[in-house]
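File shown here: query30.txt, holding compact mmCIF, C-alpha atoms.
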```
# COMPACT_ATOMS: atom_id res chain seq x y z
CA MET Z 2 93.59 95.50 116.48
CA LYS Z 3 90.95 96.69 114.05
CA ILE Z 4 89.28 93.92 112.03
CA VAL Z 5 87.85 95.01 108.68
CA THR Z 6 86.00 92.99 106.05
CA ASP Z 7 84.52 95.74 103.89
CA PRO Z 8 86.88 97.29 101.27
CA ASP Z 9 85.20 100.71 101.53
CA LYS Z 10 85.69 100.78 105.30
CA MET Z 11 89.33 99.77 104.80
CA LYS Z 12 89.75 102.64 102.33
CA THR Z 13 88.22 105.06 104.84
CA TYR Z 14 90.57 103.84 107.56
CA ALA Z 15 93.58 104.23 105.25
CA LYS Z 16 92.52 107.79 104.34
CA ILE Z 17 92.40 108.75 108.01
CA ILE Z 18 95.89 107.34 108.53
CA LYS Z 19 97.17 109.26 105.51
CA LYS Z 20 95.71 112.51 106.82
CA GLU Z 21 97.67 111.93 110.03
CA ASN Z 22 100.86 111.63 107.93
CA LYS Z 23 101.57 108.17 109.29
CA LEU Z 24 103.55 105.59 107.36
CA ILE Z 25 101.55 102.50 106.37
CA GLY Z 26 103.34 99.14 106.15
CA PHE Z 27 101.33 96.43 104.40
CA ILE Z 28 101.64 92.65 104.18
CA PRO Z 29 99.23 91.02 101.69
CA THR Z 30 98.77 87.30 102.42
CA MET Z 31 96.55 84.31 101.76
CA GLY Z 32 96.63 83.47 105.44
CA TYR Z 33 97.44 80.31 107.37
CA PHE Z 34 100.34 82.15 108.97
CA HIS Z 35 103.75 80.65 109.65
CA GLU Z 36 107.03 82.19 110.78
CA GLY Z 37 107.64 83.60 107.32
CA HIS Z 38 104.50 85.71 107.61
CA THR Z 39 105.20 86.81 111.16
CA SER Z 40 108.76 87.82 110.25
CA LEU Z 41 107.33 90.18 107.62
CA ILE Z 42 104.89 91.61 110.15
CA LYS Z 43 107.58 92.13 112.77
CA THR Z 44 109.80 93.93 110.27
CA ALA Z 45 106.90 96.15 109.21
CA ARG Z 46 106.18 96.88 112.87
CA LYS Z 47 109.72 98.26 113.28
CA GLN Z 48 109.64 100.33 110.09
CA SER Z 49 106.06 101.65 109.91
CA ASP Z 50 103.68 103.71 112.02
CA ILE Z 51 100.66 101.60 111.08
CA VAL Z 52 100.80 97.92 110.08
CA ILE Z 53 98.01 96.45 107.98
CA VAL Z 54 97.76 92.77 107.08
CA SER Z 55 95.32 91.31 104.59
CA VAL Z 56 94.14 87.71 104.39
CA PHE Z 57 92.42 86.73 101.17
CA VAL Z 58 92.65 83.40 99.36
CA ASN Z 59 92.52 84.81 95.86
CA PRO Z 60 90.48 82.56 93.54
CA ILE Z 61 91.71 84.03 90.26
CA GLN Z 62 95.33 83.02 90.83
CA PHE Z 63 94.42 79.33 91.07
CA GLY Z 64 94.20 77.28 87.89
CA VAL Z 65 91.89 74.43 86.98
CA ASN Z 66 92.51 71.40 89.23
CA GLU Z 67 94.66 73.45 91.62
CA ASP Z 68 94.07 73.58 95.36
CA PHE Z 69 91.82 76.61 95.86
CA ASP Z 70 89.13 74.63 97.71
CA SER Z 71 91.60 72.75 99.89
CA TYR Z 72 94.05 75.63 100.48
CA PRO Z 73 94.66 75.76 104.26
CA ARG Z 74 92.60 78.37 106.11
CA ASP Z 75 92.42 79.36 109.77
CA THR Z 76 91.38 82.99 110.02
CA ALA Z 77 90.83 82.92 113.79
CA ARG Z 78 94.41 81.71 114.37
CA ASP Z 79 95.73 84.28 111.90
CA GLU Z 80 93.93 87.03 113.83
CA GLU Z 81 95.53 85.88 117.08
CA LEU Z 82 99.02 85.82 115.58
CA ALA Z 83 98.53 89.21 113.91
CA ARG Z 84 97.38 90.71 117.21
CA ALA Z 85 100.36 89.21 119.04
CA CYS Z 86 102.73 90.76 116.45
CA GLY Z 87 101.24 94.22 116.96
CA VAL Z 88 99.19 94.54 113.77
CA ASP Z 89 96.95 97.63 113.74
CA ALA Z 90 94.40 96.50 111.13
CA PHE Z 91 93.49 93.03 109.89
CA PHE Z 92 91.76 93.15 106.50
CA CYS Z 93 89.85 90.04 105.50
CA PRO Z 94 87.61 90.87 102.50
CA LYS Z 95 84.98 88.59 101.00
CA LYS Z 96 85.22 87.15 97.50
CA GLU Z 97 82.03 88.88 96.34
CA ASP Z 98 83.36 92.26 97.48
CA MET Z 99 86.65 91.83 95.66
CA TYR Z 100 85.14 90.29 92.52
CA PRO Z 101 81.47 91.23 92.06
CA GLU Z 102 79.50 89.49 89.29
CA ASP Z 103 80.26 92.16 86.70
CA TYR Z 104 84.02 92.25 87.43
CA SER Z 105 86.03 92.57 84.19
CA THR Z 106 89.38 94.31 84.83
CA TYR Z 107 92.73 92.54 85.15
CA VAL Z 108 96.39 93.54 85.42
CA ASP Z 109 98.88 91.71 83.21
CA VAL Z 110 102.67 92.04 83.51
CA GLU Z 111 104.27 90.69 80.35
CA GLY Z 112 107.68 89.10 79.98
CA LEU Z 113 108.51 88.34 83.60
CA THR Z 114 105.53 85.99 83.87
CA SER Z 115 106.29 83.75 80.88
CA GLY Z 116 108.96 81.54 82.47
CA LEU Z 117 109.57 79.68 85.73
CA CYS Z 118 106.19 79.10 87.45
CA GLY Z 119 104.42 80.95 84.64
CA LYS Z 120 105.03 78.06 82.24
CA SER Z 121 102.96 75.56 84.17
CA ARG Z 122 100.50 77.97 85.80
CA PRO Z 123 98.98 80.04 82.98
CA GLY Z 124 97.02 83.00 84.30
CA HIS Z 125 98.46 82.64 87.80
CA PHE Z 126 100.43 85.86 87.79
CA ARG Z 127 97.59 87.82 86.18
CA GLY Z 128 95.55 86.78 89.20
CA VAL Z 129 98.34 87.80 91.58
CA THR Z 130 98.96 91.22 90.05
CA THR Z 131 95.24 91.95 89.80
CA VAL Z 132 94.52 91.22 93.45
CA VAL Z 133 97.66 92.98 94.69
CA ALA Z 134 96.82 96.06 92.61
CA LYS Z 135 93.33 96.07 94.13
CA LEU Z 136 94.71 95.67 97.64
CA PHE Z 137 97.23 98.46 97.06
CA ASN Z 138 94.41 100.76 95.90
CA ILE Z 139 92.35 99.93 98.98
CA VAL Z 140 95.09 100.04 101.63
CA ARG Z 141 97.30 102.75 100.04
CA PRO Z 142 100.53 101.52 101.67
CA ASP Z 143 103.83 103.36 101.71
CA ILE Z 144 105.78 100.12 102.06
CA ALA Z 145 104.72 96.59 101.12
CA TYR Z 146 106.52 93.49 102.36
CA PHE Z 147 107.05 90.19 100.53
CA GLY Z 148 109.14 87.08 101.12
CA GLN Z 149 111.90 85.92 98.79
CA LYS Z 150 110.48 82.38 98.67
CA ASP Z 151 108.01 83.71 96.10
CA ALA Z 152 110.78 85.51 94.22
CA GLN Z 153 109.14 85.56 90.79
CA GLN Z 154 105.97 86.97 92.32
CA ALA Z 155 107.98 89.67 94.08
CA PHE Z 156 109.82 90.66 90.88
CA VAL Z 157 106.54 90.76 88.93
CA ILE Z 158 104.87 92.97 91.54
CA LYS Z 159 107.93 95.22 91.62
CA ARG Z 160 107.64 95.70 87.86
CA MET Z 161 103.91 96.44 88.15
CA VAL Z 162 104.56 99.06 90.84
CA GLU Z 163 107.23 100.73 88.71
CA ASP Z 164 105.32 100.57 85.41
CA LEU Z 165 102.08 101.91 86.91
CA ASN Z 166 103.79 104.64 88.97
CA MET Z 167 102.23 103.39 92.19
CA GLY Z 168 104.79 105.10 94.41
CA ILE Z 169 105.07 102.17 96.82
CA THR Z 170 108.35 100.89 98.25
CA LEU Z 171 108.66 97.10 98.05
CA LYS Z 172 110.81 95.22 100.53
CA ILE Z 173 111.69 91.60 99.76
CA LEU Z 174 112.82 89.83 102.92
CA PRO Z 175 114.86 86.60 103.19
CA THR Z 176 113.14 83.23 103.07
CA VAL Z 177 112.42 81.77 106.50
CA ARG Z 178 113.28 78.08 106.69
CA GLU Z 179 112.46 75.10 108.84
CA LYS Z 180 115.24 73.35 110.76
CA GLY Z 181 116.19 71.08 107.85
CA GLY Z 182 116.24 73.93 105.32
CA LEU Z 183 112.76 73.53 103.84
CA ALA Z 184 111.32 76.94 102.93
CA MET Z 185 108.32 77.74 105.12
CA SER Z 186 105.06 77.65 103.20
CA SER Z 187 101.39 77.29 104.07
CA ARG Z 188 101.34 74.31 101.69
CA ASN Z 189 103.88 72.42 103.81
CA ILE Z 190 100.91 71.14 105.78
CA TYR Z 191 100.14 68.89 102.80
CA LEU Z 192 103.39 66.94 103.31
CA LYS Z 193 102.78 63.50 104.78
CA GLY Z 194 105.00 61.31 106.96
CA SER Z 195 108.66 61.55 105.95
CA GLU Z 196 107.91 63.88 103.01
CA ARG Z 197 108.68 66.97 105.09
CA LYS Z 198 112.19 65.67 105.84
CA ASP Z 199 112.66 64.49 102.24
CA ALA Z 200 111.60 67.89 100.90
CA ALA Z 201 114.75 69.44 102.39
CA ILE Z 202 116.62 68.02 99.37
CA LEU Z 203 115.34 70.99 97.37
CA TYR Z 204 117.28 73.43 99.52
CA SER Z 205 120.25 71.07 99.55
CA SER Z 206 120.32 71.28 95.74
CA LEU Z 207 120.36 75.07 95.93
CA LYS Z 208 123.25 74.92 98.40
CA LEU Z 209 125.04 72.55 95.99
CA ALA Z 210 124.63 75.16 93.25
CA GLU Z 211 126.12 77.79 95.55
CA GLU Z 212 129.09 75.53 96.28
CA LEU Z 213 129.70 74.80 92.60
CA ILE Z 214 129.61 78.49 91.73
CA SER Z 215 131.85 79.31 94.69
CA SER Z 216 134.37 76.77 93.38
CA GLY Z 217 134.41 78.49 89.99
CA GLU Z 218 131.75 76.71 87.92
CA ARG Z 219 129.91 79.15 85.64
CA ASP Z 220 128.15 76.82 83.19
CA ALA Z 221 124.43 76.96 84.06
CA LYS Z 222 123.60 73.66 82.34
CA LYS Z 223 126.26 71.77 84.30
CA ILE Z 224 125.01 73.20 87.59
CA ILE Z 225 121.38 72.38 86.79
CA LYS Z 226 122.40 68.83 85.83
CA LYS Z 227 124.13 68.34 89.18
CA MET Z 228 121.10 69.73 91.02
CA ARG Z 229 118.76 67.35 89.17
CA GLU Z 230 121.00 64.40 89.97
CA LEU Z 231 120.97 65.24 93.66
CA ILE Z 232 117.20 65.77 93.86
CA SER Z 233 116.60 62.53 91.95
CA THR Z 234 118.25 60.55 94.73
CA VAL Z 235 115.15 61.13 96.87
CA PRO Z 236 112.23 58.95 95.68
CA ALA Z 237 109.68 61.16 97.46
CA VAL Z 238 110.29 63.83 94.80
CA SER Z 239 107.74 62.66 92.27
CA LYS Z 240 108.45 65.37 89.68
CA ILE Z 241 110.96 68.13 89.05
CA GLU Z 242 108.90 70.78 87.29
CA TYR Z 243 111.84 73.07 86.55
CA ILE Z 244 115.27 74.17 87.67
CA SER Z 245 116.31 77.47 86.16
CA ILE Z 246 119.11 79.98 86.51
CA VAL Z 247 117.94 83.40 85.34
CA ASP Z 248 118.99 87.03 85.55
CA THR Z 249 117.09 89.14 88.08
CA GLY Z 250 116.27 91.90 85.60
CA PHE Z 251 114.15 90.05 83.04
CA LEU Z 252 114.09 86.51 84.52
CA LYS Z 253 115.66 85.12 81.35
CA ASP Z 254 117.76 81.96 81.35
CA VAL Z 255 121.50 82.54 81.45
CA ALA Z 256 124.07 80.21 79.90
CA ILE Z 257 127.15 81.56 81.66
CA ILE Z 258 126.61 82.77 85.20
CA GLY Z 259 127.67 86.28 86.10
CA GLY Z 260 126.19 89.22 87.98
CA GLU Z 261 123.03 88.81 90.04
CA VAL Z 262 121.17 85.59 89.28
CA LEU Z 263 118.13 83.80 90.63
CA ILE Z 264 118.45 80.03 90.95
CA ALA Z 265 114.88 78.79 91.22
CA LEU Z 266 113.11 75.46 91.19
CA ALA Z 267 109.69 73.88 91.52
CA ALA Z 268 109.10 70.23 92.33
CA ARG Z 269 106.46 67.91 93.68
CA VAL Z 270 107.19 66.04 96.85
CA GLY Z 271 104.50 63.42 96.88
CA ARG Z 272 101.51 65.40 95.66
CA THR Z 273 102.69 68.72 97.10
CA ARG Z 274 104.08 71.37 94.76
CA LEU Z 275 106.93 73.28 96.40
CA ILE Z 276 109.10 76.15 95.19
CA ASP Z 277 112.41 77.51 96.43
CA ASN Z 278 115.26 79.74 95.29
CA VAL Z 279 118.43 81.60 96.14
CA ILE Z 280 119.70 84.89 94.76
CA LEU Z 281 123.44 85.17 94.20
CA ASN Z 282 125.70 87.98 93.08
CA VAL Z 283 128.35 86.19 91.06
CA LYS Z 284 131.59 87.62 89.81
CA SER Z 285 132.16 86.84 86.15
CA GLU Z 286 135.27 84.80 85.49
CA LYS Z 287 137.83 86.82 83.58
CA PRO Z 288 139.03 84.81 80.57
CA GLU Z 289 142.70 83.97 80.68
CA ASN Z 290 144.88 85.35 77.85
CA ASP Z 291 148.49 86.14 77.20
CA HIS Z 292 148.23 89.51 78.92
CA ASP Z 293 147.10 87.86 82.14
CA ARG Z 294 150.21 85.71 82.40
CA PRO Z 295 153.35 86.90 84.17
```
Just give me the structure of the file as structure tokens.
Amino acid sequence: MKIVTDPDKMKTYAKIIKKENKLIGFIPTMGYFHEGHTSLIKTARKQSDIVIVSVFVNPIQFGVNEDFDSYPRDTARDEELARACGVDAFFCPKKEDMYPEDYSTYVDVEGLTSGLCGKSRPGHFRGVTTVVAKLFNIVRPDIAYFGQKDAQQAFVIKRMVEDLNMGITLKILPTVREKGGLAMSSRNIYLKGSERKDAAILYSSLKLAEELISSGERDAKKIIKKMRELISTVPAVSKIEYISIVDTGFLKDVAIIGGEVLIALAARVGRTRLIDNVILNVKSEKPENDHDRP
């Protein structure tokens, strides 16, 4: 496995691969790998000639008083896991190389970033799209892989790729979960004592929403109310930041559920902020009228 820290050397490597007409699969990460990361790598290994993984804890996507300094890091372990999964190149750039002192260019995707996590994390998605655009320009992937756990991020990056004619195929793979249903996340390490078990209530609330919709409920407010009630039974959940049901095109709230929808939430378990979601394709209920009756 080739280990690269310099962006120019990574660009040179990518150019050589392109000249050989090999397909590049790319997984951009902030490191501290878990099974969600390795599942993306393994899928890329099956679908690409060359697999490149980046590890960069991106400072500009963290807000004031967020956990940039304490974000879990273990680059040596990440290298070992990447090598074991068959990664060809491991790109780990330095902050000063990605954002030199005179850096002044940012990528902003409007609309999709205003709701959900964007409400409480102003500037977060500008940081995400800027660093991903930079990484795409350096690595020049044919396919880029993301996990559904960060669904809003994936939809925002998809829009950026389309709007800027980047010519990259995005693949959003299913969320990988722990035994109790908790979505795997590098931040799960923050959970203390029984908090990890208690945090599974977030996924249970999403499953409740699925069950309600499956039984015919289409009123988004009623479903959200039931989800809140369930989550509130667990004292370890110190705050429900949001529960939203939105369309997957513009990430706008829906009142009556129909078509493809994203049911997403963010909550704090203890001091740890966690997110989760499910995507459902829901048949609209046909209103009953005289013509429907025998």
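The smallest atom-to-atom distance between Arg122 (chain Z) and any of Z:Phe63, Z:Phe34, Z:Phe69, Z:Phe27, using all atoms listed in the file, is found for Z:Phe63.
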Original post:
Which one of Z:Lys135, Z:Met161, Z:Lys223, Z:Lys208 sits closest to Leu113 (chain Z) if you count all atoms listed in the file?
Top reply: Z:Met161
Residues of region 157-231 of chain Z that approach region 246-254 of chain Z to 12 Å or less, counting only C-alpha atoms: could you list each one with the shortest pair of atoms and its distance in Å to one decimal, rows by chain and increasing residue number, as a Markdown table?
```
| residue | atom | partner | partner_atom | distance |
| --- | --- | --- | --- | --- |
| Z:Val157 | CA | Z:Phe251 | CA | 9.6 |
| Z:Lys159 | CA | Z:Gly250 | CA | 10.8 |
| Z:Arg160 | CA | Z:Gly250 | CA | 9.7 |
| Z:Leu207 | CA | Z:Ile246 | CA | 10.7 |
| Z:Ala210 | CA | Z:Ile246 | CA | 10.0 |
| Z:Glu211 | CA | Z:Ile246 | CA | 11.6 |
| Z:Ile214 | CA | Z:Ile246 | CA | 11.8 |
| Z:Arg219 | CA | Z:Ile246 | CA | 10.9 |
| Z:Asp220 | CA | Z:Ile246 | CA | 10.1 |
| Z:Ala221 | CA | Z:Ile246 | CA | 6.6 |
| Z:Lys222 | CA | Z:Ile246 | CA | 8.8 |
| Z:Lys223 | CA | Z:Ile246 | CA | 11.1 |
| Z:Ile224 | CA | Z:Ile246 | CA | 9.1 |
| Z:Ile225 | CA | Z:Ile246 | CA | 7.9 |
| Z:Lys226 | CA | Z:Ile246 | CA | 11.6 |
| Z:Met228 | CA | Z:Ile246 | CA | 11.4 |
```
**OP:** Can you work out which one of Z:Leu24, Z:Ala90, Z:Leu231, Z:Ile61 has the shortest atom-to-atom distance to Ile202 (chain Z), counting all atoms listed in the file?
**Re:** Z:Leu231
Would you place a box with edges along x, y and z of the file around all atoms of region 182-190 of chain Z listed there, add 5 Å to each of its six sides, and report the centre and edge lengths in Å to one decimal, as AutoDock Vina command-line options?
```
--center_x 108.6 --center_y 74.4 --center_z 103.7 --size_x 25.3 --size_y 16.6 --size_z 14.1
```
Original post:
Pick the closest to Ser71 (chain Z) from Z:Ile244, Z:Leu213, Z:Ile190, Z:Val5: which is it, counting only C-alpha atoms?
Top reply: Z:Ile190
Original post:
Restricting the calculation to only C-alpha atoms, which member of Z:Gly128, Z:Pro60, Z:Pro8, Z:Gly148 is positioned closest to Pro29 (chain Z)?
Top reply: Z:Gly148
Original post:
Using all atoms listed in the file, which residues sit within 12 Å of Glu111 (chain Z) once same-chain residues fewer than 3 positions away are excluded, as a VMD selection string?
Top reply: chain Z and resid 108 114 to 116 119 124 126 to 127 130 156 to 158 160 to 161 164 251 to 252
